[in-house]
file protein_24.pdb (PDB, C-alpha atoms)
ATOM      1  CA  MET V   1       0.000   0.000   0.000
ATOM      2  CA  ASP V   2       1.259   3.455  -0.923
ATOM      3  CA  LYS V   3       0.252   5.411   2.171
ATOM      4  CA  TYR V   4       0.555   8.780   0.455
ATOM      5  CA  LYS V   5      -1.749   7.777  -2.398
ATOM      6  CA  ALA V   6      -4.177   6.193   0.069
ATOM      7  CA  ALA V   7      -4.261   9.347   2.188
ATOM      8  CA  GLU V   8      -4.828  11.535  -0.880
ATOM      9  CA  LEU V   9      -7.673   9.306  -2.059
ATOM     10  CA  ILE V  10      -9.377   9.461   1.342
ATOM     11  CA  ARG V  11      -8.983  13.240   1.599
ATOM     12  CA  GLN V  12     -11.137  13.576  -1.533
ATOM     13  CA  ILE V  13     -14.085  11.874   0.220
ATOM     14  CA  PRO V  14     -16.646  14.312   1.700
ATOM     15  CA  GLY V  15     -16.811  13.918   5.468
ATOM     16  CA  SER V  16     -13.572  11.953   5.693
ATOM     17  CA  GLY V  17     -12.361  14.296   8.440
ATOM     18  CA  ALA V  18      -8.778  14.383   9.693
ATOM     19  CA  VAL V  19      -6.362  12.210   7.693
ATOM     20  CA  VAL V  20      -2.876  11.770   9.173
ATOM     21  CA  ILE V  21       0.136   9.809   7.889
ATOM     22  CA  ASP V  22       2.332   7.821  10.323
ATOM     23  CA  GLU V  23       0.143   8.474  13.371
ATOM     24  CA  PRO V  24       1.550   6.852  16.572
ATOM     25  CA  MET V  25      -1.026   4.345  17.803
ATOM     26  CA  SER V  26       0.268   4.813  21.342
ATOM     27  CA  ARG V  27      -1.928   7.934  21.316
ATOM     28  CA  HIS V  28      -5.023   5.851  20.579
ATOM     29  CA  THR V  29      -4.754   2.768  22.803
ATOM     30  CA  SER V  30      -5.423   2.549  26.528
ATOM     31  CA  PHE V  31      -2.153   0.585  26.899
ATOM     32  CA  ARG V  32      -0.298   3.660  25.542
ATOM     33  CA  ILE V  33       1.803   1.432  23.297
ATOM     34  CA  GLY V  34       2.039   0.677  19.586
ATOM     35  CA  GLY V  35       3.857   1.782  16.458
ATOM     36  CA  PRO V  36       2.494   4.127  13.778
ATOM     37  CA  ALA V  37      -0.464   3.590  11.484
ATOM     38  CA  ASP V  38       0.386   4.289   7.847
ATOM     39  CA  VAL V  39      -2.810   6.367   7.568
ATOM     40  CA  PHE V  40      -5.117   7.376  10.436
ATOM     41  CA  VAL V  41      -8.610   8.722   9.732
ATOM     42  CA  ARG V  42     -11.326  10.236  11.941
ATOM     43  CA  PRO V  43     -14.469  10.607   9.806
ATOM     44  CA  GLU V  44     -16.847  13.463  10.574
ATOM     45  CA  SER V  45     -20.009  11.350  10.357
ATOM     46  CA  ILE V  46     -21.318   7.813  10.003
ATOM     47  CA  THR V  47     -21.874   8.495   6.306
ATOM     48  CA  GLY V  48     -18.279   9.669   5.972
ATOM     49  CA  ALA V  49     -17.071   6.546   7.785
ATOM     50  CA  VAL V  50     -19.037   4.265   5.455
ATOM     51  CA  ASP V  51     -17.660   6.068   2.409
ATOM     52  CA  VAL V  52     -14.062   5.798   3.664
ATOM     53  CA  ILE V  53     -14.416   2.098   4.532
ATOM     54  CA  ASN V  54     -15.995   1.319   1.163
ATOM     55  CA  ALA V  55     -13.410   3.369  -0.741
ATOM     56  CA  CYS V  56     -10.645   1.351   0.896
ATOM     57  CA  ARG V  57     -12.399  -1.918   0.023
ATOM     58  CA  GLU V  58     -13.062  -0.882  -3.588
ATOM     59  CA  ASN V  59      -9.440   0.210  -4.110
ATOM     60  CA  GLY V  60      -7.829  -2.793  -2.435
ATOM     61  CA  ILE V  61      -6.498  -0.710   0.461
ATOM     62  CA  PRO V  62      -6.239  -2.626   3.754
ATOM     63  CA  ALA V  63      -8.255  -0.969   6.513
ATOM     64  CA  ILE V  64      -8.944  -1.510  10.215
ATOM     65  CA  VAL V  65     -11.798   0.083  12.147
ATOM     66  CA  ILE V  66     -11.157   0.849  15.819
ATOM     67  CA  GLY V  67     -13.043   2.521  18.639
ATOM     68  CA  ASN V  68     -11.349   3.981  21.693
ATOM     69  CA  GLY V  69      -8.511   1.448  21.622
ATOM     70  CA  THR V  70      -9.391   0.075  25.067
ATOM     71  CA  ASN V  71      -9.341  -3.578  23.995
ATOM     72  CA  LEU V  72      -6.474  -3.284  21.530
ATOM     73  CA  ILE V  73      -2.759  -4.031  21.405
ATOM     74  CA  VAL V  74      -0.846  -2.590  18.435
ATOM     75  CA  ARG V  75       2.518  -4.216  17.789
ATOM     76  CA  ASP V  76       5.639  -2.048  17.841
ATOM     77  CA  GLY V  77       6.063  -2.055  14.062
ATOM     78  CA  GLY V  78       2.729  -0.344  13.651
ATOM     79  CA  ILE V  79      -0.045  -0.966  11.148
ATOM     80  CA  ARG V  80       0.422  -1.147   7.367
ATOM     81  CA  ALA V  81      -3.152  -0.131   6.705
ATOM     82  CA  VAL V  82      -5.642   2.686   7.014
ATOM     83  CA  VAL V  83      -6.926   2.910  10.579
ATOM     84  CA  ILE V  84     -10.427   4.387  10.780
ATOM     85  CA  GLN V  85     -11.435   5.553  14.244
ATOM     86  CA  LEU V  86     -15.075   5.665  15.288
ATOM     87  CA  ALA V  87     -15.013   7.369  18.683
ATOM     88  CA  ASP V  88     -16.186  10.792  19.881
ATOM     89  CA  ASN V  89     -16.163  11.927  16.244
ATOM     90  CA  VAL V  90     -19.319   9.807  15.658
ATOM     91  CA  SER V  91     -21.130   9.755  18.989
ATOM     92  CA  GLY V  92     -24.613  11.197  18.471
ATOM     93  CA  TYR V  93     -27.633   9.756  20.268
ATOM     94  CA  GLU V  94     -31.399  10.131  20.626
ATOM     95  CA  VAL V  95     -33.686   9.081  23.485
ATOM     96  CA  THR V  96     -37.318   8.197  22.772
ATOM     97  CA  GLY V  97     -39.251   6.796  25.708
ATOM     98  CA  GLU V  98     -37.443   3.638  26.847
ATOM     99  CA  VAL V  99     -35.301   3.465  23.705
ATOM    100  CA  ILE V 100     -31.862   4.975  23.050
ATOM    101  CA  SER V 101     -30.476   5.066  19.521
ATOM    102  CA  ALA V 102     -26.778   5.919  19.399
ATOM    103  CA  GLU V 103     -23.868   6.052  16.982
ATOM    104  CA  ALA V 104     -21.039   3.542  17.303
ATOM    105  CA  GLY V 105     -18.430   5.930  18.710
ATOM    106  CA  ILE V 106     -20.258   6.950  21.869
ATOM    107  CA  LEU V 107     -18.687   5.682  25.103
ATOM    108  CA  ILE V 108     -20.766   2.902  26.619
ATOM    109  CA  SER V 109     -20.117   4.361  30.089
ATOM    110  CA  GLY V 110     -21.419   7.718  28.848
ATOM    111  CA  LEU V 111     -24.481   5.955  27.499
ATOM    112  CA  SER V 112     -25.154   4.486  30.937
ATOM    113  CA  ARG V 113     -25.151   8.007  32.391
ATOM    114  CA  ILE V 114     -27.530   9.188  29.657
ATOM    115  CA  ALA V 115     -29.841   6.335  30.662
ATOM    116  CA  LEU V 116     -29.603   7.457  34.302
ATOM    117  CA  ALA V 117     -30.494  11.042  33.356
ATOM    118  CA  HIS V 118     -33.666   9.755  31.688
ATOM    119  CA  GLY V 119     -34.565   7.379  34.522
ATOM    120  CA  LEU V 120     -33.889   4.253  32.435
ATOM    121  CA  THR V 121     -32.607   1.039  33.990
ATOM    122  CA  GLY V 122     -30.793  -1.923  32.443
ATOM    123  CA  LEU V 123     -27.486  -0.321  31.468
ATOM    124  CA  GLU V 124     -26.010   0.181  34.932
ATOM    125  CA  PHE V 125     -23.438  -2.583  34.315
ATOM    126  CA  ALA V 126     -21.813  -0.404  31.627
ATOM    127  CA  GLU V 127     -20.790   2.320  34.081
ATOM    128  CA  GLY V 128     -17.008   2.138  34.160
ATOM    129  CA  ILE V 129     -16.582   0.090  30.963
ATOM    130  CA  PRO V 130     -14.195   2.294  28.936
ATOM    131  CA  GLY V 131     -14.988   1.219  25.373
ATOM    132  CA  THR V 132     -17.322   2.515  22.681
ATOM    133  CA  LEU V 133     -20.800   1.258  21.873
ATOM    134  CA  GLY V 134     -19.589  -0.286  18.614
ATOM    135  CA  GLY V 135     -16.910  -2.281  20.395
ATOM    136  CA  ALA V 136     -19.255  -3.222  23.216
ATOM    137  CA  VAL V 137     -21.828  -4.643  20.796
ATOM    138  CA  THR V 138     -19.173  -6.429  18.718
ATOM    139  CA  MET V 139     -17.736  -8.274  21.728
ATOM    140  CA  ASN V 140     -20.939  -8.438  23.798
ATOM    141  CA  ALA V 141     -19.270  -6.496  26.595
ATOM    142  CA  GLY V 142     -20.580  -6.962  30.088
ATOM    143  CA  ALA V 143     -19.851  -6.806  33.776
ATOM    144  CA  TYR V 144     -21.440  -7.826  37.052
ATOM    145  CA  ASP V 145     -25.122  -8.511  36.378
ATOM    146  CA  GLY V 146     -25.443  -7.544  32.720
ATOM    147  CA  GLU V 147     -24.158  -7.631  29.153
ATOM    148  CA  MET V 148     -25.043  -6.030  25.840
ATOM    149  CA  SER V 149     -27.135  -8.980  24.645
ATOM    150  CA  MET V 150     -29.675  -8.090  27.350
ATOM    151  CA  VAL V 151     -30.331  -4.569  26.056
ATOM    152  CA  VAL V 152     -29.527  -4.467  22.328
ATOM    153  CA  SER V 153     -32.640  -4.313  20.162
ATOM    154  CA  ARG V 154     -31.142  -3.813  16.706
ATOM    155  CA  THR V 155     -27.953  -2.637  15.015
ATOM    156  CA  GLU V 156     -27.248  -0.811  11.777
ATOM    157  CA  TYR V 157     -24.421  -2.861  10.329
ATOM    158  CA  LEU V 158     -21.948  -2.350   7.481
ATOM    159  CA  ARG V 159     -21.234  -5.736   5.936
ATOM    160  CA  PRO V 160     -17.737  -6.607   4.667
ATOM    161  CA  ASP V 161     -19.101  -6.381   1.101
ATOM    162  CA  GLY V 162     -20.031  -2.714   1.637
ATOM    163  CA  SER V 163     -23.805  -3.136   1.946
ATOM    164  CA  ILE V 164     -25.745  -1.900   4.983
ATOM    165  CA  CYS V 165     -28.424  -3.843   6.831
ATOM    166  CA  TRP V 166     -30.168  -3.910  10.204
ATOM    167  CA  LEU V 167     -29.477  -6.819  12.544
ATOM    168  CA  GLU V 168     -32.313  -7.713  14.913
ATOM    169  CA  ASN V 169     -31.394  -8.995  18.378
ATOM    170  CA  GLU V 170     -31.214 -12.718  17.591
ATOM    171  CA  GLN V 171     -29.228 -12.024  14.428
ATOM    172  CA  HIS V 172     -26.355 -10.690  16.537
ATOM    173  CA  ARG V 173     -25.753 -14.288  17.727
ATOM    174  CA  PHE V 174     -24.376 -13.030  21.001
ATOM    175  CA  GLY V 175     -22.119 -15.371  22.947
ATOM    176  CA  LYS V 176     -19.677 -15.016  25.803
ATOM    177  CA  ARG V 177     -17.737 -11.897  24.761
ATOM    178  CA  SER V 178     -18.564 -12.626  21.141
ATOM    179  CA  SER V 179     -21.089 -11.963  18.389
ATOM    180  CA  PHE V 180     -21.796 -12.596  14.714
ATOM    181  CA  ILE V 181     -20.283  -9.167  14.016
ATOM    182  CA  GLN V 182     -16.971 -10.243  15.509
ATOM    183  CA  THR V 183     -16.701 -13.326  13.298
ATOM    184  CA  ASP V 184     -18.195 -11.708  10.175
ATOM    185  CA  GLY V 185     -15.773  -8.777  10.223
ATOM    186  CA  GLY V 186     -18.234  -5.971   9.511
ATOM    187  CA  THR V 187     -18.701  -2.672  11.323
ATOM    188  CA  VAL V 188     -21.313  -1.420  13.792
ATOM    189  CA  LEU V 189     -22.644   1.956  12.665
ATOM    190  CA  ARG V 190     -25.370   2.605  15.245
ATOM    191  CA  THR V 191     -27.316   0.553  17.767
ATOM    192  CA  VAL V 192     -30.784   0.778  19.262
ATOM    193  CA  ILE V 193     -30.974  -0.113  22.958
ATOM    194  CA  ARG V 194     -34.225  -0.899  24.746
ATOM    195  CA  LEU V 195     -34.304  -0.246  28.494
ATOM    196  CA  ARG V 196     -36.994   0.060  31.189
ATOM    197  CA  ASN V 197     -38.255   2.923  33.298
ATOM    198  CA  GLY V 198     -36.765   2.897  36.781
ATOM    199  CA  GLU V 199     -36.089   4.977  39.854
ATOM    200  CA  LYS V 200     -33.165   7.362  39.384
ATOM    201  CA  LYS V 201     -32.043   6.948  42.981
ATOM    202  CA  GLU V 202     -31.828   3.167  42.667
ATOM    203  CA  ILE V 203     -30.105   3.357  39.279
ATOM    204  CA  LYS V 204     -27.530   5.810  40.608
ATOM    205  CA  GLU V 205     -26.837   3.701  43.715
ATOM    206  CA  LYS V 206     -26.269   0.608  41.597
ATOM    207  CA  MET V 207     -23.872   2.461  39.296
ATOM    208  CA  TYR V 208     -22.001   3.870  42.295
ATOM    209  CA  ASP V 209     -21.666   0.361  43.752
ATOM    210  CA  PHE V 210     -20.269  -1.063  40.513
ATOM    211  CA  ASN V 211     -17.800   1.819  40.228
ATOM    212  CA  ALA V 212     -16.654   1.363  43.812
ATOM    213  CA  ARG V 213     -16.030  -2.332  43.196
ATOM    214  CA  ARG V 214     -13.992  -1.549  40.085
ATOM    215  CA  ARG V 215     -11.857   1.030  41.889
ATOM    216  CA  GLU V 216     -11.195  -1.443  44.692
ATOM    217  CA  LYS V 217     -10.298  -4.454  42.538
ATOM    218  CA  GLN V 218      -8.903  -3.118  39.258
ATOM    219  CA  PRO V 219      -5.682  -1.139  38.487
ATOM    220  CA  LEU V 220      -7.509   1.822  36.984
ATOM    221  CA  ASP V 221      -4.583   4.179  37.651
ATOM    222  CA  MET V 222      -2.254   2.380  35.213
ATOM    223  CA  PRO V 223      -2.409   1.920  31.425
ATOM    224  CA  SER V 224      -3.947  -1.437  30.516
ATOM    225  CA  ALA V 225      -6.514  -3.022  28.232
ATOM    226  CA  GLY V 226      -8.754  -4.397  30.959
ATOM    227  CA  SER V 227      -9.112  -8.154  31.296
ATOM    228  CA  ILE V 228      -6.520  -9.750  29.036
ATOM    229  CA  PHE V 229      -8.066 -13.217  28.944
ATOM    230  CA  LYS V 230     -11.534 -14.600  28.400
ATOM    231  CA  ARG V 231     -13.000 -16.478  31.328
ATOM    232  CA  PRO V 232     -12.353 -20.202  30.713
ATOM    233  CA  GLU V 233     -15.223 -22.594  31.366
ATOM    234  CA  GLY V 234     -15.276 -23.491  35.064
ATOM    235  CA  TYR V 235     -12.441 -21.146  36.048
ATOM    236  CA  TYR V 236     -11.504 -17.503  36.586
ATOM    237  CA  ALA V 237      -8.543 -16.405  34.475
ATOM    238  CA  GLY V 238      -7.160 -14.072  37.147
ATOM    239  CA  LYS V 239      -7.282 -16.811  39.780
ATOM    240  CA  LEU V 240      -5.394 -19.223  37.514
ATOM    241  CA  VAL V 241      -2.693 -16.616  36.915
ATOM    242  CA  GLN V 242      -2.476 -15.864  40.630
ATOM    243  CA  ASP V 243      -2.263 -19.548  41.547
ATOM    244  CA  CYS V 244       0.683 -19.893  39.187
ATOM    245  CA  GLY V 245       2.554 -17.375  41.361
ATOM    246  CA  LEU V 246       2.611 -14.760  38.612
ATOM    247  CA  ARG V 247       1.260 -11.787  40.570
ATOM    248  CA  GLY V 248       3.674  -8.905  39.892
ATOM    249  CA  PHE V 249       5.666 -10.919  37.316
ATOM    250  CA  ARG V 250       7.309  -8.626  34.750
ATOM    251  CA  ILE V 251       8.746  -8.733  31.283
ATOM    252  CA  GLY V 252      10.303  -5.378  30.462
ATOM    253  CA  GLY V 253       7.788  -2.693  31.383
ATOM    254  CA  ALA V 254       4.789  -5.045  31.302
ATOM    255  CA  GLU V 255       3.579  -6.429  34.617
ATOM    256  CA  VAL V 256       0.875  -8.770  35.872
ATOM    257  CA  SER V 257      -1.118  -6.404  38.067
ATOM    258  CA  THR V 258      -0.554  -6.853  41.778
ATOM    259  CA  LEU V 259      -4.158  -5.765  42.327
ATOM    260  CA  HIS V 260      -5.894  -8.032  39.795
ATOM    261  CA  CYS V 261      -4.000 -10.881  38.110
ATOM    262  CA  GLY V 262      -6.348 -10.854  35.145
ATOM    263  CA  PHE V 263      -4.840  -7.502  34.120
ATOM    264  CA  ILE V 264      -1.489  -6.682  32.554
ATOM    265  CA  VAL V 265      -0.355  -3.094  33.137
ATOM    266  CA  ASN V 266       2.141  -0.783  31.509
ATOM    267  CA  THR V 267       4.441   0.329  34.328
ATOM    268  CA  GLY V 268       5.600   3.271  32.248
ATOM    269  CA  ASN V 269       7.993   2.084  29.566
ATOM    270  CA  ALA V 270       6.410  -1.112  28.230
ATOM    271  CA  THR V 271       6.535  -2.023  24.567
ATOM    272  CA  ALA V 272       3.942  -4.086  22.766
ATOM    273  CA  SER V 273       6.552  -6.815  22.534
ATOM    274  CA  ASP V 274       6.822  -6.819  26.346
ATOM    275  CA  VAL V 275       3.061  -7.190  26.730
ATOM    276  CA  ILE V 276       2.715  -9.912  24.089
ATOM    277  CA  SER V 277       5.673 -11.843  25.533
ATOM    278  CA  LEU V 278       4.090 -11.653  28.986
ATOM    279  CA  ILE V 279       0.758 -12.864  27.605
ATOM    280  CA  GLU V 280       2.456 -15.897  26.052
ATOM    281  CA  HIS V 281       4.430 -16.625  29.230
ATOM    282  CA  ILE V 282       1.202 -16.589  31.241
ATOM    283  CA  ARG V 283      -0.598 -18.853  28.749
ATOM    284  CA  VAL V 284       2.234 -21.419  28.743
ATOM    285  CA  THR V 285       2.579 -21.351  32.553
ATOM    286  CA  VAL V 286      -1.164 -21.772  33.169
ATOM    287  CA  SER V 287      -1.378 -24.545  30.576
ATOM    288  CA  LYS V 288       1.480 -26.490  32.158
ATOM    289  CA  LYS V 289       0.138 -26.172  35.704
ATOM    290  CA  PHE V 290      -3.629 -26.513  35.143
ATOM    291  CA  GLY V 291      -4.055 -27.867  31.615
ATOM    292  CA  VAL V 292      -6.078 -24.781  30.672
ATOM    293  CA  MET V 293      -5.148 -22.775  27.572
ATOM    294  CA  LEU V 294      -6.217 -19.179  28.142
ATOM    295  CA  GLU V 295      -7.692 -17.264  25.196
ATOM    296  CA  THR V 296      -7.021 -13.562  24.842
ATOM    297  CA  GLU V 297      -9.922 -11.149  25.055
ATOM    298  CA  VAL V 298      -7.885  -8.286  23.612
ATOM    299  CA  LYS V 299      -7.311  -7.862  19.872
ATOM    300  CA  ILE V 300      -3.678  -7.815  18.707
ATOM    301  CA  VAL V 301      -2.914  -6.121  15.366
ATOM    302  CA  GLY V 302       0.037  -4.759  13.439
ATOM    303  CA  GLU V 303       3.598  -5.854  12.720
ATOM    304  CA  ASP V 304       6.579  -6.612  14.951
TER     305      ASP V 304
END
call {"tool": "encode", "arguments": {"input": "protein_24.pdb", "output": "structure tokens"}}
result
Amino acid sequence: MDKYKAAELIRQIPGSGAVVIDEPMSRHTSFRIGGPADVFVRPESITGAVDVINACRENGIPAIVIGNGTNLIVRDGGIRAVVIQLADNVSGYEVTGEVISAEAGILISGLSRIALAHGLTGLEFAEGIPGTLGGAVTMNAGAYDGEMSMVVSRTEYLRPDGSICWLENEQHRFGKRSSFIQTDGGTVLRTVIRLRNGEKKEIKEKMYDFNARRREKQPLDMPSAGSIFKRPEGYYAGKLVQDCGLRGFRIGGAEVSTLHCGFIVNTGNATASDVISLIEHIRVTVSKKFGVMLETEVKIVGED
């Protein structure tokens, strides 16, 4: 891919927004690591995003769509593709009765506070989840007593072939931190969420409780990507890591959190290579001791 030609092509698209060459991905991941993207784009609208994604597909230009980078590790060599970010640049929403329709880039935690402001219950679990709505729907994000499958009504979806359709709830094929969207490789554009009327005081108390639990048990003061591993059937990933004696274990600047062993944190100077090496060390150690092969929940992209 000729990054200069790709950038020039995208700049000609109405609504393509900011187009930057060699943008450090460390600025766009919660781990604060990662090499440069050849081309980085922040479309001004959902329509602009669709046009950029389809232009890349039609011209054989590799492209990756990201949200807030909270569940993403970018390797140190960066990304030889166009990275299209759907975050606060496409974050509009509308509330009608018990229904919220929102664009993919809105923060799911922000959406939970919008629900609170309108006295709507069912999204309290999302308070404190740092990702975008698009990412949350794609991976069926959840915590404590809820997950996206419980509230998603329908999703406007850009298929890999460039066509747009609406997925109804059952068509999402939600699973444990998974969905049809994740395996199909398309892009969430906007989602309709159906909630219930509730008491603001009770909703607020529940959100406060969940936040307090997160602050107590998770290393929120250090760069990370949240839970690194999916929960294996019959086990807790963090407990397996802890029982292997890996609490505080380091490779370079990457460390198994001393607060929650399901997290890897950047102590300040970690590289993506450090984090990925630590992930593999944990997987091998847990497999040898317990016969359980941990699967990563985070997405790893780019080149070494």
call {"tool": "closest_residue", "arguments": {"input": "protein_24.pdb", "among": "V:Ile228, V:Val39, V:Leu120, V:Val265", "to": "Gly78 in chain V", "atoms": "only C-alpha atoms"}}
result
V:Val39
call {"tool": "resolve_selection", "arguments": {"input": "protein_24.pdb", "expression": "the PyMOL selection byres ((chain V and resi 227) around 7)", "output": "list in words"}}
result
Ala225, Gly226, Ile228, Phe229, Gly262, Phe263 and Glu297 of chain V
call {"tool": "atom_distance", "arguments": {"input": "protein_24.pdb", "atom1": "CA of Asp76 in chain V", "atom2": "CA of Pro36 in chain V"}}
result
8.0 Å
call {"tool": "resolve_selection", "arguments": {"input": "protein_24.pdb", "expression": "the PyMOL selection byres ((chain V and resi 285) around 12)", "output": "JSON, numbers by chain"}}
result
{"V": [240, 241, 242, 243, 244, 245, 246, 249, 278, 279, 280, 281, 282, 283, 284, 286, 287, 288, 289, 290, 291, 292, 293, 294]}
call {"tool": "closest_residue", "arguments": {"input": "protein_24.pdb", "among": "V:Lys204, V:Arg154, V:Lys299, V:Arg11", "to": "Val65 in chain V", "atoms": "all atoms listed in the file"}}
result
V:Lys299
call {"tool": "resolve_selection", "arguments": {"input": "protein_24.pdb", "expression": "the PyMOL selection byres ((chain V and resi 82) around 6)", "output": "list in words"}}
result
Val39, Phe40, Ala63, Ala81 and Val83 of chain V
call {"tool": "closest_residue", "arguments": {"input": "protein_24.pdb", "among": "V:Asn89, V:Val275, V:Leu195, V:Lys200", "to": "Ile300 in chain V", "atoms": "all atoms listed in the file"}}
result
V:Val275
call {"tool": "closest_residue", "arguments": {"input": "protein_24.pdb", "among": "V:Val41, V:Gly35, V:Thr138, V:Gly302", "to": "Thr271 in chain V", "atoms": "all atoms listed in the file"}}
result
V:Gly35
call {"tool": "atom_distance", "arguments": {"input": "protein_24.pdb", "atom1": "CA of Asn169 in chain V", "atom2": "CA of Met148 in chain V"}}
result
10.2 Å
call {"tool": "atom_distance", "arguments": {"input": "protein_24.pdb", "atom1": "CA of Ile33 in chain V", "atom2": "CA of Met139 in chain V"}}
result
21.9 Å
call {"tool": "residues_around", "arguments": {"input": "protein_24.pdb", "residues": "Thr187 in chain V", "least_positions_apart": "3", "cutoff": "7 Å", "atoms": "only C-alpha atoms", "output": "ChimeraX atom specification"}}
result
/V:157-159
call {"tool": "closest_residue", "arguments": {"input": "protein_24.pdb", "among": "V:Lys5, V:Val151, V:Gln12, V:Asn71", "to": "Ile100 in chain V", "atoms": "only C-alpha atoms"}}
result
V:Val151
call {"tool": "residues_around", "arguments": {"input": "protein_24.pdb", "residues": "Leu133 in chain V", "least_positions_apart": "3", "cutoff": "8 Å", "atoms": "all atoms listed in the file", "output": "list in words"}}
result
Ala102, Glu103, Ala104, Gly105, Ile106, Leu107, Ile108, Ala136, Val137 and Thr191 of chain V
call {"tool": "closest_residue", "arguments": {"input": "protein_24.pdb", "among": "V:Ser26, V:Asn211, V:Thr132, V:Ser163", "to": "Ile53 in chain V", "atoms": "only C-alpha atoms"}}
result
V:Ser163
call {"tool": "axis_aligned_box", "arguments": {"input": "protein_24.pdb", "around": "range 119-122 of chain V", "padding_each_side": "8 Å", "output": "AutoDock Vina command-line options"}}
result
--center_x -32.7 --center_y 2.7 --center_z 33.5 --size_x 19.8 --size_y 25.3 --size_z 18.1
call {"tool": "residues_around", "arguments": {"input": "protein_24.pdb", "residues": "Gly142 in chain V", "least_positions_apart": "2", "cutoff": "10 Å", "atoms": "all atoms listed in the file", "output": "MDAnalysis selection string"}}
result
chainID V and resid 123 125:126 129 136:137 139:140 144:150 176:177
call {"tool": "residues_near_point", "arguments": {"input": "protein_24.pdb", "point": "(-13.0, 5.0, 5.4)", "cutoff": "10 Å", "atoms": "all atoms listed in the file", "output": "JSON, numbers by chain"}}
result
{"V": [10, 11, 13, 15, 16, 17, 40, 41, 42, 43, 46, 47, 48, 49, 50, 51, 52, 53, 54, 55, 56, 57, 61, 63, 64, 65, 82, 83, 84, 85]}
call {"tool": "write_last_selection", "arguments": {"input": "protein_24.pdb", "atoms": "C-alpha atoms", "output": "short mmCIF file (atom, residue, chain, number, x, y, z; two decimals), in the coordinates of the input"}}
result
data_model
loop_
_atom_site.label_atom_id
_atom_site.label_comp_id
_atom_site.auth_asym_id
_atom_site.auth_seq_id
_atom_site.Cartn_x
_atom_site.Cartn_y
_atom_site.Cartn_z
CA ILE V 10 -9.38 9.46 1.34
CA ARG V 11 -8.98 13.24 1.60
CA ILE V 13 -14.08 11.87 0.22
CA GLY V 15 -16.81 13.92 5.47
CA SER V 16 -13.57 11.95 5.69
CA GLY V 17 -12.36 14.30 8.44
CA PHE V 40 -5.12 7.38 10.44
CA VAL V 41 -8.61 8.72 9.73
CA ARG V 42 -11.33 10.24 11.94
CA PRO V 43 -14.47 10.61 9.81
CA ILE V 46 -21.32 7.81 10.00
CA THR V 47 -21.87 8.49 6.31
CA GLY V 48 -18.28 9.67 5.97
CA ALA V 49 -17.07 6.55 7.78
CA VAL V 50 -19.04 4.26 5.46
CA ASP V 51 -17.66 6.07 2.41
CA VAL V 52 -14.06 5.80 3.66
CA ILE V 53 -14.42 2.10 4.53
CA ASN V 54 -16.00 1.32 1.16
CA ALA V 55 -13.41 3.37 -0.74
CA CYS V 56 -10.64 1.35 0.90
CA ARG V 57 -12.40 -1.92 0.02
CA ILE V 61 -6.50 -0.71 0.46
CA ALA V 63 -8.26 -0.97 6.51
CA ILE V 64 -8.94 -1.51 10.22
CA VAL V 65 -11.80 0.08 12.15
CA VAL V 82 -5.64 2.69 7.01
CA VAL V 83 -6.93 2.91 10.58
CA ILE V 84 -10.43 4.39 10.78
CA GLN V 85 -11.44 5.55 14.24
#
